[in-house]
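Q: For reference, this is entry-v5.csv, and it has CSV, C-alpha atoms and all ligand atoms.
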chain,number,residue,atom,x,y,z
A,152,MET,CA,-46.5,-48.9,47.2
A,153,GLU,CA,-48.8,-49.8,44.4
A,154,LEU,CA,-51.7,-48.3,42.5
A,155,ARG,CA,-55.1,-50.0,42.6
A,156,LYS,CA,-58.2,-49.0,40.6
A,157,ASP,CA,-61.6,-48.8,42.2
A,158,PRO,CA,-63.7,-50.8,39.6
A,159,ILE,CA,-66.8,-48.8,40.4
A,160,THR,CA,-65.6,-45.2,40.3
A,161,ARG,CA,-62.6,-46.0,38.1
A,162,SER,CA,-60.4,-43.8,40.3
A,163,TRP,CA,-56.8,-44.9,41.2
A,164,VAL,CA,-55.6,-45.1,44.7
A,165,ILE,CA,-52.1,-45.4,46.0
A,166,THR,CA,-51.7,-47.9,48.8
A,167,GLY,CA,-49.1,-50.1,50.5
A,168,ASP,CA,-47.8,-51.2,53.9
A,169,ASP,CA,-44.2,-50.2,53.1
A,170,VAL,CA,-44.5,-46.6,54.4
A,171,GLY,CA,-42.0,-45.9,57.1
A,172,GLU,CA,-43.0,-44.5,60.4
A,173,PRO,CA,-43.1,-40.7,60.2
A,174,THR,CA,-39.8,-39.4,61.5
A,175,PRO,CA,-39.9,-36.6,64.0
A,176,ARG,CA,-39.2,-33.2,62.4
A,177,PRO,CA,-35.5,-32.5,62.5
A,178,GLN,CA,-34.5,-29.4,64.4
A,179,ALA,CA,-32.4,-28.0,61.5
A,180,CYS,CA,-34.1,-27.4,58.2
A,181,ARG,CA,-33.1,-29.9,55.5
A,182,PHE,CA,-33.8,-27.3,52.8
A,183,CYS,CA,-32.0,-24.2,53.8
A,184,GLY,CA,-28.9,-23.0,55.7
A,185,PRO,CA,-25.8,-25.1,56.6
A,186,SER,CA,-27.9,-28.3,57.2
A,187,ALA,CA,-29.3,-28.2,53.7
A,188,ASP,CA,-29.1,-31.5,51.8
A,189,LEU,CA,-28.0,-30.8,48.3
A,190,THR,CA,-27.8,-34.5,47.1
A,191,ASN,CA,-31.3,-34.7,45.7
A,192,VAL,CA,-31.6,-31.3,44.0
A,193,ILE,CA,-33.4,-31.6,40.6
A,194,ALA,CA,-33.5,-27.9,39.4
A,195,THR,CA,-32.6,-24.5,40.8
A,196,LEU,CA,-33.6,-21.1,39.5
A,197,PRO,CA,-31.0,-18.3,39.9
A,198,GLY,CA,-31.4,-15.9,42.8
A,199,VAL,CA,-33.0,-12.5,42.7
A,200,ASP,CA,-32.1,-9.5,44.9
A,201,GLY,CA,-28.6,-11.0,45.6
A,202,SER,CA,-29.7,-14.4,47.0
A,203,ALA,CA,-27.8,-17.5,45.7
A,204,TRP,CA,-31.0,-19.1,44.4
A,205,SER,CA,-34.7,-18.3,44.3
A,206,ALA,CA,-36.7,-21.5,43.8
A,207,ARG,CA,-35.6,-25.1,43.8
A,208,SER,CA,-37.0,-28.6,43.3
A,209,VAL,CA,-35.7,-31.6,45.2
A,210,VAL,CA,-36.8,-35.3,45.3
A,211,HIS,CA,-39.3,-35.8,48.1
A,212,PRO,CA,-37.5,-37.4,51.1
A,213,GLN,CA,-40.4,-40.0,51.5
A,214,ALA,CA,-41.4,-40.2,47.8
A,215,LEU,CA,-44.7,-42.0,47.2
A,216,TYR,CA,-43.8,-42.4,43.5
A,217,HIS,CA,-40.5,-43.4,42.0
A,218,ILE,CA,-39.1,-42.5,38.6
A,219,GLU,CA,-37.6,-45.9,37.9
A,220,GLY,CA,-39.4,-48.9,36.5
A,221,GLU,CA,-42.4,-49.8,34.5
A,222,ALA,CA,-46.0,-49.3,35.4
A,223,ALA,CA,-46.7,-52.9,34.4
A,224,ARG,CA,-50.5,-52.7,34.5
A,225,ARG,CA,-51.9,-56.1,35.4
A,226,GLY,CA,-55.2,-57.7,36.2
A,227,ASP,CA,-56.1,-59.3,39.5
A,228,GLY,CA,-59.4,-60.9,38.7
A,229,LEU,CA,-61.7,-58.1,37.8
A,230,TYR,CA,-59.3,-55.6,39.5
A,231,ASP,CA,-56.5,-53.5,38.0
A,232,ARG,CA,-53.2,-52.7,39.6
A,233,MET,CA,-50.0,-50.9,38.6
A,234,GLY,CA,-46.6,-50.1,40.1
A,235,SER,CA,-46.3,-46.6,41.7
A,236,VAL,CA,-44.2,-45.3,38.9
A,237,GLY,CA,-44.0,-41.5,38.8
A,238,ALA,CA,-42.2,-38.5,40.3
A,239,HIS,CA,-42.6,-36.9,43.7
A,240,GLU,CA,-40.8,-33.6,44.2
A,241,VAL,CA,-40.7,-30.9,46.9
A,242,LEU,CA,-40.7,-27.4,45.4
A,243,LEU,CA,-38.9,-24.9,47.6
A,244,GLU,CA,-40.8,-21.6,47.1
A,245,ASN,CA,-38.1,-19.4,48.6
A,246,PRO,CA,-34.6,-19.8,50.0
A,247,ARG,CA,-35.7,-18.0,53.2
A,248,HIS,CA,-37.1,-20.2,55.8
A,249,ASP,CA,-39.9,-17.7,56.5
A,250,GLY,CA,-40.3,-16.7,52.8
A,251,HIS,CA,-44.0,-17.6,52.4
A,252,ILE,CA,-45.9,-16.7,49.2
A,253,TRP,CA,-47.9,-14.1,51.2
A,254,ASN,CA,-44.9,-12.3,52.5
A,255,ALA,CA,-42.4,-12.8,49.7
A,256,SER,CA,-41.8,-10.2,46.9
A,257,ASP,CA,-43.7,-10.5,43.7
A,258,ILE,CA,-40.5,-11.4,41.8
A,259,GLU,CA,-39.8,-14.2,44.3
A,260,VAL,CA,-43.3,-15.6,43.8
A,261,GLU,CA,-42.9,-15.3,40.1
A,262,GLN,CA,-39.7,-17.4,40.2
A,263,PHE,CA,-41.5,-20.1,42.1
A,264,LEU,CA,-44.3,-20.1,39.5
A,265,ARG,CA,-41.7,-20.3,36.7
A,266,LEU,CA,-40.0,-23.3,38.4
A,267,ALA,CA,-43.4,-25.0,38.6
A,268,ALA,CA,-43.9,-24.4,34.9
A,269,MET,CA,-40.4,-25.7,34.1
A,270,ARG,CA,-40.9,-28.9,36.1
A,271,ILE,CA,-44.3,-29.7,34.5
A,272,GLN,CA,-42.8,-29.1,31.0
A,273,ASP,CA,-39.8,-31.3,31.8
A,274,LEU,CA,-41.9,-34.2,33.2
A,275,LYS,CA,-44.4,-34.1,30.3
A,276,ARG,CA,-41.5,-35.1,28.0
A,277,ASP,CA,-41.7,-38.5,29.7
A,278,SER,CA,-44.5,-40.4,27.8
A,279,ARG,CA,-45.2,-42.6,30.8
A,280,PHE,CA,-46.6,-39.7,32.7
A,281,LYS,CA,-50.2,-38.7,32.0
A,282,TYR,CA,-50.5,-35.9,34.5
A,283,VAL,CA,-48.3,-33.5,36.6
A,284,SER,CA,-50.0,-32.1,39.8
A,285,ILE,CA,-48.7,-29.2,41.8
A,286,PHE,CA,-50.2,-28.6,45.2
A,287,LYS,CA,-49.6,-27.0,48.5
A,288,ASN,CA,-50.8,-28.1,52.0
A,289,HIS,CA,-50.4,-25.4,54.5
A,290,GLY,CA,-51.1,-25.6,58.2
A,291,GLU,CA,-51.5,-28.6,60.5
A,292,ALA,CA,-55.1,-29.2,59.5
A,293,ALA,CA,-54.0,-29.4,55.9
A,294,GLY,CA,-51.3,-32.0,56.5
A,295,GLN,CA,-48.3,-29.7,56.1
A,296,GLU,CA,-45.1,-31.8,56.0
A,297,PHE,CA,-42.2,-29.3,56.2
A,298,ASP,CA,-41.6,-26.1,58.1
A,299,HIS,CA,-39.8,-24.6,55.1
A,300,PRO,CA,-42.2,-22.9,52.6
A,301,THR,CA,-42.8,-25.6,50.0
A,302,SER,CA,-45.3,-26.9,47.5
A,303,GLN,CA,-45.2,-30.5,46.1
A,304,LEU,CA,-45.3,-32.0,42.7
A,305,THR,CA,-46.4,-35.5,41.6
A,306,ALA,CA,-46.1,-36.9,38.0
A,307,THR,CA,-48.5,-39.9,37.7
A,308,ILE,CA,-49.3,-42.5,35.1
A,309,PHE,CA,-53.0,-41.7,35.5
A,310,VAL,CA,-55.0,-38.5,35.5
A,311,PRO,CA,-56.3,-37.6,39.0
A,312,ARG,CA,-60.1,-38.1,39.4
A,313,ARG,CA,-61.1,-34.5,40.0
A,314,VAL,CA,-59.1,-33.3,36.9
A,315,LEU,CA,-60.7,-36.1,34.9
A,316,TYR,CA,-64.2,-34.8,35.9
A,317,GLU,CA,-63.2,-31.4,34.7
A,318,LEU,CA,-61.8,-32.7,31.4
A,319,ARG,CA,-64.9,-34.7,30.6
A,320,ALA,CA,-67.2,-31.8,31.6
A,321,GLY,CA,-65.1,-29.3,29.5
A,322,ARG,CA,-65.2,-31.6,26.5
A,323,GLU,CA,-69.0,-32.1,26.7
A,324,TYR,CA,-69.7,-28.4,27.1
A,325,PHE,CA,-67.4,-27.7,24.1
A,326,GLU,CA,-69.2,-30.4,22.0
A,327,SER,CA,-72.6,-28.7,22.5
A,328,LYS,CA,-71.6,-25.0,22.5
A,329,GLU,CA,-68.2,-24.8,20.8
A,330,ARG,CA,-67.0,-22.7,23.7
A,331,CYS,CA,-64.8,-23.1,26.7
A,332,VAL,CA,-66.9,-23.5,29.9
A,333,PHE,CA,-64.2,-21.9,32.0
A,334,CYS,CA,-64.1,-18.8,29.7
A,335,ASP,CA,-67.9,-18.6,29.9
A,336,ILE,CA,-67.8,-18.9,33.7
A,337,LEU,CA,-65.3,-16.1,34.0
A,338,ALA,CA,-67.2,-13.9,31.5
A,339,GLN,CA,-70.4,-14.3,33.6
A,340,GLU,CA,-68.6,-13.7,36.9
A,341,GLU,CA,-67.1,-10.5,35.6
A,342,ARG,CA,-70.4,-9.4,34.1
A,343,GLN,CA,-72.3,-10.0,37.4
A,344,ASN,CA,-69.5,-9.0,39.7
A,345,LEU,CA,-71.0,-10.8,42.6
A,346,ARG,CA,-68.2,-13.1,43.4
A,347,ILE,CA,-65.0,-11.4,42.1
A,348,VAL,CA,-62.3,-11.0,44.8
A,349,GLU,CA,-59.8,-9.1,42.7
A,350,ALA,CA,-58.6,-8.8,39.1
A,351,ARG,CA,-55.0,-8.0,38.2
A,352,GLY,CA,-53.8,-7.8,34.6
A,353,ASP,CA,-55.0,-10.9,32.8
A,354,TYR,CA,-55.9,-12.8,36.1
A,355,VAL,CA,-59.0,-12.9,38.1
A,356,ALA,CA,-59.6,-14.3,41.6
A,357,PHE,CA,-63.2,-15.2,42.4
A,358,CYS,CA,-65.3,-17.4,44.7
A,359,PRO,CA,-66.9,-20.2,42.6
A,360,TYR,CA,-70.7,-20.3,42.4
A,361,ALA,CA,-71.0,-23.7,44.1
A,362,PRO,CA,-68.1,-23.8,46.6
A,363,ARG,CA,-67.0,-27.1,48.2
A,364,VAL,CA,-65.8,-25.3,51.3
A,365,PRO,CA,-66.3,-21.8,52.8
A,366,TYR,CA,-64.1,-19.2,51.1
A,367,GLU,CA,-63.0,-21.5,48.3
A,368,THR,CA,-61.3,-19.2,45.7
A,369,TRP,CA,-60.1,-19.8,42.2
A,370,ILE,CA,-57.5,-17.8,40.2
A,371,MET,CA,-57.9,-18.0,36.4
A,372,PRO,CA,-56.4,-16.2,33.4
A,373,ARG,CA,-58.8,-14.3,31.2
A,374,SER,CA,-56.8,-15.4,28.1
A,375,HIS,CA,-57.9,-18.9,27.1
A,376,GLU,CA,-55.0,-21.3,27.6
A,377,SER,CA,-55.3,-25.0,28.5
A,378,SER,CA,-51.8,-25.4,29.9
A,379,PHE,CA,-50.2,-23.4,32.7
A,380,GLU,CA,-46.7,-24.4,31.7
A,381,ARG,CA,-47.3,-22.8,28.3
A,382,THR,CA,-48.2,-19.6,29.9
A,383,GLY,CA,-45.4,-19.9,32.4
A,384,SER,CA,-42.7,-20.5,29.9
A,385,SER,CA,-43.8,-17.8,27.4
A,386,ARG,CA,-42.3,-14.3,27.5
A,387,VAL,CA,-40.9,-12.8,30.7
A,388,GLY,CA,-43.4,-10.9,32.8
A,389,THR,CA,-46.5,-13.0,32.0
A,390,LEU,CA,-46.5,-14.4,35.5
A,391,THR,CA,-45.9,-11.1,37.3
A,392,ASP,CA,-49.6,-10.3,37.7
A,393,LEU,CA,-50.3,-13.9,38.7
A,394,ALA,CA,-47.6,-13.7,41.4
A,395,ALA,CA,-49.1,-10.5,42.8
A,396,LEU,CA,-52.6,-11.8,42.7
A,397,LEU,CA,-51.7,-15.1,44.3
A,398,ARG,CA,-49.8,-13.4,47.1
A,399,ARG,CA,-52.7,-11.0,47.8
A,400,THR,CA,-55.3,-13.7,47.6
A,401,LEU,CA,-53.5,-15.8,50.2
A,402,GLN,CA,-53.1,-12.7,52.4
A,403,ARG,CA,-56.9,-12.4,52.2
A,404,ILE,CA,-57.6,-16.0,53.0
A,405,ARG,CA,-55.2,-15.9,55.9
A,406,THR,CA,-57.4,-13.2,57.5
A,407,VAL,CA,-60.0,-16.0,57.7
A,408,THR,CA,-57.9,-19.1,58.4
A,409,GLU,CA,-54.3,-20.2,58.4
A,410,ALA,CA,-54.8,-23.7,56.9
A,411,PHE,CA,-55.5,-24.3,53.2
A,412,HIS,CA,-55.0,-26.6,50.3
A,413,LEU,CA,-53.9,-25.1,47.0
A,414,VAL,CA,-53.9,-27.0,43.7
A,415,LEU,CA,-53.0,-26.1,40.2
A,416,HIS,CA,-55.1,-27.6,37.5
A,417,THR,CA,-53.5,-27.8,34.1
A,418,SER,CA,-54.0,-29.9,31.0
A,419,PRO,CA,-52.9,-33.6,31.0
A,420,ASN,CA,-49.9,-34.7,29.0
A,421,SER,CA,-51.0,-34.6,25.4
A,422,GLN,CA,-47.5,-34.4,23.9
A,423,HIS,CA,-47.6,-38.2,23.3
A,424,PRO,CA,-50.8,-38.9,21.5
A,425,SER,CA,-52.1,-42.4,22.0
A,426,ALA,CA,-55.3,-44.2,21.4
A,427,THR,CA,-56.5,-43.6,24.9
A,428,LEU,CA,-55.7,-39.9,24.7
A,429,GLY,CA,-57.6,-39.6,21.4
A,430,TYR,CA,-60.7,-38.4,23.2
A,431,TRP,CA,-58.9,-35.2,24.2
A,432,LYS,CA,-58.8,-34.0,20.6
A,433,THR,CA,-60.3,-30.6,21.5
A,434,LEU,CA,-58.3,-30.3,24.8
A,435,ASP,CA,-56.6,-27.1,23.8
A,436,ASP,CA,-59.9,-25.5,23.1
A,437,ASP,CA,-62.1,-27.0,25.9
A,438,TYR,CA,-59.8,-26.9,28.9
A,439,HIS,CA,-58.5,-23.9,30.8
A,440,TRP,CA,-55.9,-23.9,33.5
A,441,HIS,CA,-56.6,-22.4,36.9
A,442,ILE,CA,-55.6,-22.5,40.6
A,443,GLU,CA,-58.0,-23.6,43.3
A,444,ILE,CA,-57.5,-22.6,46.9
A,445,LEU,CA,-59.5,-24.6,49.5
A,446,PRO,CA,-59.3,-23.0,53.0
A,447,ILE,CA,-59.8,-25.2,56.0
A,448,LEU,CA,-62.2,-23.9,58.6
A,449,GLU,CA,-62.1,-26.7,61.1
A,450,ALA,CA,-64.9,-25.4,63.3
A,451,LYS,CA,-67.2,-25.2,60.2
A,452,ALA,CA,-66.0,-28.4,58.5
A,453,ARG,CA,-65.8,-31.0,61.2
A,454,SER,CA,-69.3,-31.2,62.4
A,455,TYR,CA,-71.1,-30.7,59.1
A,456,THR,CA,-69.1,-32.1,56.3
A,457,PHE,CA,-70.7,-35.1,54.7
A,458,LYS,CA,-68.2,-37.2,52.8
A,459,GLU,CA,-70.3,-37.4,49.7
A,460,ILE,CA,-71.9,-34.0,49.5
A,461,TYR,CA,-70.0,-30.8,49.9
A,462,TYR,CA,-71.6,-28.5,52.4
A,463,SER,CA,-70.5,-24.9,52.7
A,464,PRO,CA,-72.2,-22.9,55.5
A,465,VAL,CA,-70.9,-19.6,53.9
A,466,THR,CA,-72.1,-18.7,50.4
A,467,SER,CA,-69.7,-17.4,47.9
A,468,GLU,CA,-71.4,-14.0,47.9
A,469,THR,CA,-70.8,-13.7,51.6
A,470,ALA,CA,-67.3,-15.0,51.4
A,471,VAL,CA,-66.3,-12.6,48.7
A,472,LYS,CA,-67.3,-9.6,50.8
A,473,ARG,CA,-65.1,-10.6,53.6
A,474,LEU,CA,-62.1,-11.4,51.3
A,475,ARG,CA,-62.6,-8.2,49.3
A,476,ASP,CA,-62.7,-6.1,52.4
A,477,ALA,CA,-59.8,-7.9,54.2
A,478,LYS,CA,-57.1,-5.5,55.4
A,479,ILE,CA,-54.0,-6.7,53.6
B,501,ZN,ZN,-35.7,-23.9,55.7
B,502,ZN,ZN,-61.1,-20.9,28.3
B,503,ZN,ZN,-60.0,-27.4,38.7
Before anything else, please render the file you have as structure tokens.
Ligand SMILES: [Zn+2]
Ligand SMILES: [Zn+2]
Ligand SMILES: [Zn+2]
A:
Amino acid sequence: MELRKDPITRSWVITGDDVGEPTPRPQACRFCGPSADLTNVIATLPGVDGSAWSARSVVHPQALYHIEGEAARRGDGLYDRMGSVGAHEVLLENPRHDGHIWNASDIEVEQFLRLAAMRIQDLKRDSRFKYVSIFKNHGEAAGQEFDHPTSQLTATIFVPRRVLYELRAGREYFESKERCVFCDILAQEERQNLRIVEARGDYVAFCPYAPRVPYETWIMPRSHESSFERTGSSRVGTLTDLAALLRRTLQRIRTVTEAFHLVLHTSPNSQHPSATLGYWKTLDDDYHWHIEILPILEAKARSYTFKEIYYSPVTSETAVKRLRDAKI
């Protein structure tokens, strides 16, 4: 695999012909029970409620990025390419094969969030990595890879395009107003109360004003903080409300559709200041971590979605009514 940069949009893509044929799913789960493969475990959090462990990170069995080696950025005429250096991990959310976020206990979900924070913090110590992504694809339409409840992590030597858009927009807004655009969005949403799904402690779930897909929902902390892992590794209990809100929000979304993408947007790696990172001087003030959930409604999406312009046949104001009233 290698990374190539699109010279027009400046976004990196990962490409290669060396991807093995997808192997049929094994009958026994590779992540739990007697068939569990413990050779590639990276980190394990202690169990709660008497279980041996609660959340665990393992090397992805078909990793797209590999930790060894140099990025070795090189030119190819006007093009740029790099080796696919990085990390690709599977985060086991629960030791139980059916322990999904929406039916786990809050303390179990909290342990999973704590593991995610720990892994981001650990990988950011590696100065090669510019960004650590955490995401979950659930349901066949979302490209779910494993039966066991899992999320995935990638550490990359570039910042993913969507995050880059957010970082640039956050910085520009801050330059003109000296305020965080995410804090301002949340303040207006709470004032108007048109698109709030639920608030719990410091956390608010809401449908964004301009959704990319029907029932798109974001979860954001009210307290300004650019990095999720800083919140996640601070005092015990800070993630309890987030765990409960995440569990309840996914329960609501599952009353509409089973398949969804979930992605955590946190700050890029700013622990290793460099000339290229210099333009993120105000990062801690202008960026604000959040979780985005993008439900997949195949019937709505297939026939209407343009590749270039998002089209949501359900407004956020309509979506929020259904999610708020969901029997969970
Ligand atoms: Zn399993
Ligand atoms: Zn903020
Ligand atoms: Zn985002």
Q: Which residues are near ligand ZN 501 (chain B) in this structure, taking near to mean any atom at most 7 Å from a ligand atom and counting only C-alpha atoms and all ligand atoms? Format them as a ChimeraX atom specification.
A: /A:180-184,247-248,298-299
Q: Here is a test: counting all atoms listed in the file, which residue of A:Ala338, A:Ile347, A:Ala306, A:Ile442 is nearest to ligand ZN 502 (chain B)?
A: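 Of A:Ala338, A:Ile347, A:Ala306, A:Ile442, the one nearest ligand ZN 502 (chain B) is A:Ala338, counting all atoms listed in the file.
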Q: I'd like the neighbourhood of range 370-377 of chain A as a PyMOL selection string, where a residue qualifies if any of its atoms comes within 7 Å (using all atoms listed in the file), though same-chain residues fewer than 6 positions away should be ignored.
A: chain A and resi 334+353-357+417-418+435+438-443
Q: Would you mind exporting C-alpha atoms of the selected residues as a PDB file, in the coordinates of the input?
A:
ATOM      1  CA  CYS A 334     -64.100 -18.800  29.700  1.00  0.00           C
ATOM      2  CA  ASP A 353     -55.000 -10.900  32.800  1.00  0.00           C
ATOM      3  CA  TYR A 354     -55.900 -12.800  36.100  1.00  0.00           C
ATOM      4  CA  VAL A 355     -59.000 -12.900  38.100  1.00  0.00           C
ATOM      5  CA  ALA A 356     -59.600 -14.300  41.600  1.00  0.00           C
ATOM      6  CA  PHE A 357     -63.200 -15.200  42.400  1.00  0.00           C
ATOM      7  CA  THR A 417     -53.500 -27.800  34.100  1.00  0.00           C
ATOM      8  CA  SER A 418     -54.000 -29.900  31.000  1.00  0.00           C
ATOM      9  CA  ASP A 435     -56.600 -27.100  23.800  1.00  0.00           C
ATOM     10  CA  TYR A 438     -59.800 -26.900  28.900  1.00  0.00           C
ATOM     11  CA  HIS A 439     -58.500 -23.900  30.800  1.00  0.00           C
ATOM     12  CA  TRP A 440     -55.900 -23.900  33.500  1.00  0.00           C
ATOM     13  CA  HIS A 441     -56.600 -22.400  36.900  1.00  0.00           C
ATOM     14  CA  ILE A 442     -55.600 -22.500  40.600  1.00  0.00           C
ATOM     15  CA  GLU A 443     -58.000 -23.600  43.300  1.00  0.00           C
TER      16      GLU A 443
END
Q: Quick one: residues within 9 Å of (-48.5, -43.8, 38.0) (file frame), counting all atoms listed in the file, please, as a PDB file with C-alpha atoms, in the coordinates of the input.
A:
ATOM      1  CA  GLU A 153     -48.800 -49.800  44.400  1.00  0.00           C
ATOM      2  CA  LEU A 154     -51.700 -48.300  42.500  1.00  0.00           C
ATOM      3  CA  TRP A 163     -56.800 -44.900  41.200  1.00  0.00           C
ATOM      4  CA  ILE A 165     -52.100 -45.400  46.000  1.00  0.00           C
ATOM      5  CA  TYR A 216     -43.800 -42.400  43.500  1.00  0.00           C
ATOM      6  CA  HIS A 217     -40.500 -43.400  42.000  1.00  0.00           C
ATOM      7  CA  ALA A 222     -46.000 -49.300  35.400  1.00  0.00           C
ATOM      8  CA  MET A 233     -50.000 -50.900  38.600  1.00  0.00           C
ATOM      9  CA  GLY A 234     -46.600 -50.100  40.100  1.00  0.00           C
ATOM     10  CA  SER A 235     -46.300 -46.600  41.700  1.00  0.00           C
ATOM     11  CA  VAL A 236     -44.200 -45.300  38.900  1.00  0.00           C
ATOM     12  CA  GLY A 237     -44.000 -41.500  38.800  1.00  0.00           C
ATOM     13  CA  ALA A 238     -42.200 -38.500  40.300  1.00  0.00           C
ATOM     14  CA  ARG A 279     -45.200 -42.600  30.800  1.00  0.00           C
ATOM     15  CA  PHE A 280     -46.600 -39.700  32.700  1.00  0.00           C
ATOM     16  CA  LYS A 281     -50.200 -38.700  32.000  1.00  0.00           C
ATOM     17  CA  TYR A 282     -50.500 -35.900  34.500  1.00  0.00           C
ATOM     18  CA  ALA A 306     -46.100 -36.900  38.000  1.00  0.00           C
ATOM     19  CA  THR A 307     -48.500 -39.900  37.700  1.00  0.00           C
ATOM     20  CA  ILE A 308     -49.300 -42.500  35.100  1.00  0.00           C
ATOM     21  CA  PHE A 309     -53.000 -41.700  35.500  1.00  0.00           C
ATOM     22  CA  VAL A 310     -55.000 -38.500  35.500  1.00  0.00           C
TER      23      VAL A 310
END
Q: If you count only C-alpha atoms and all ligand atoms, which residues end up within 12 Å of ligand ZN 503 (chain B), as a PyMOL selection string?
A: chain A and resi 284-286+311-321+332-333+359+362-363+367-371+377+413-418+438-445
Q: Got a sec: who's within 9 Å of Thr466 in chain A, counting all atoms listed in the file, leaving out chain neighbours fewer than 4 positions off, as a list in words?
A: Cys358, Tyr360, Ala361, Pro362, Pro365, Tyr366, Ala470 and Val471 of chain A
Q: Interatomic distance between CA of Val192 in chain A and CA of Glu259 in chain A?
A: 19.0 Å
Q: Set the distance at 7 Å and use only C-alpha atoms: which residues neighbour Ala394 in chain A once local chain neighbours fewer than 4 positions away are removed? I'd like the list as a list in words.
A: Asp257, Val260, Glu261, Leu390 and Arg398 of chain A
Q: By how many Å are CA of Arg276 in chain A and CA of Leu196 in chain A apart?
A: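 Result for CA of Arg276 in chain A versus CA of Leu196 in chain A: 19.8 Å, one decimal.
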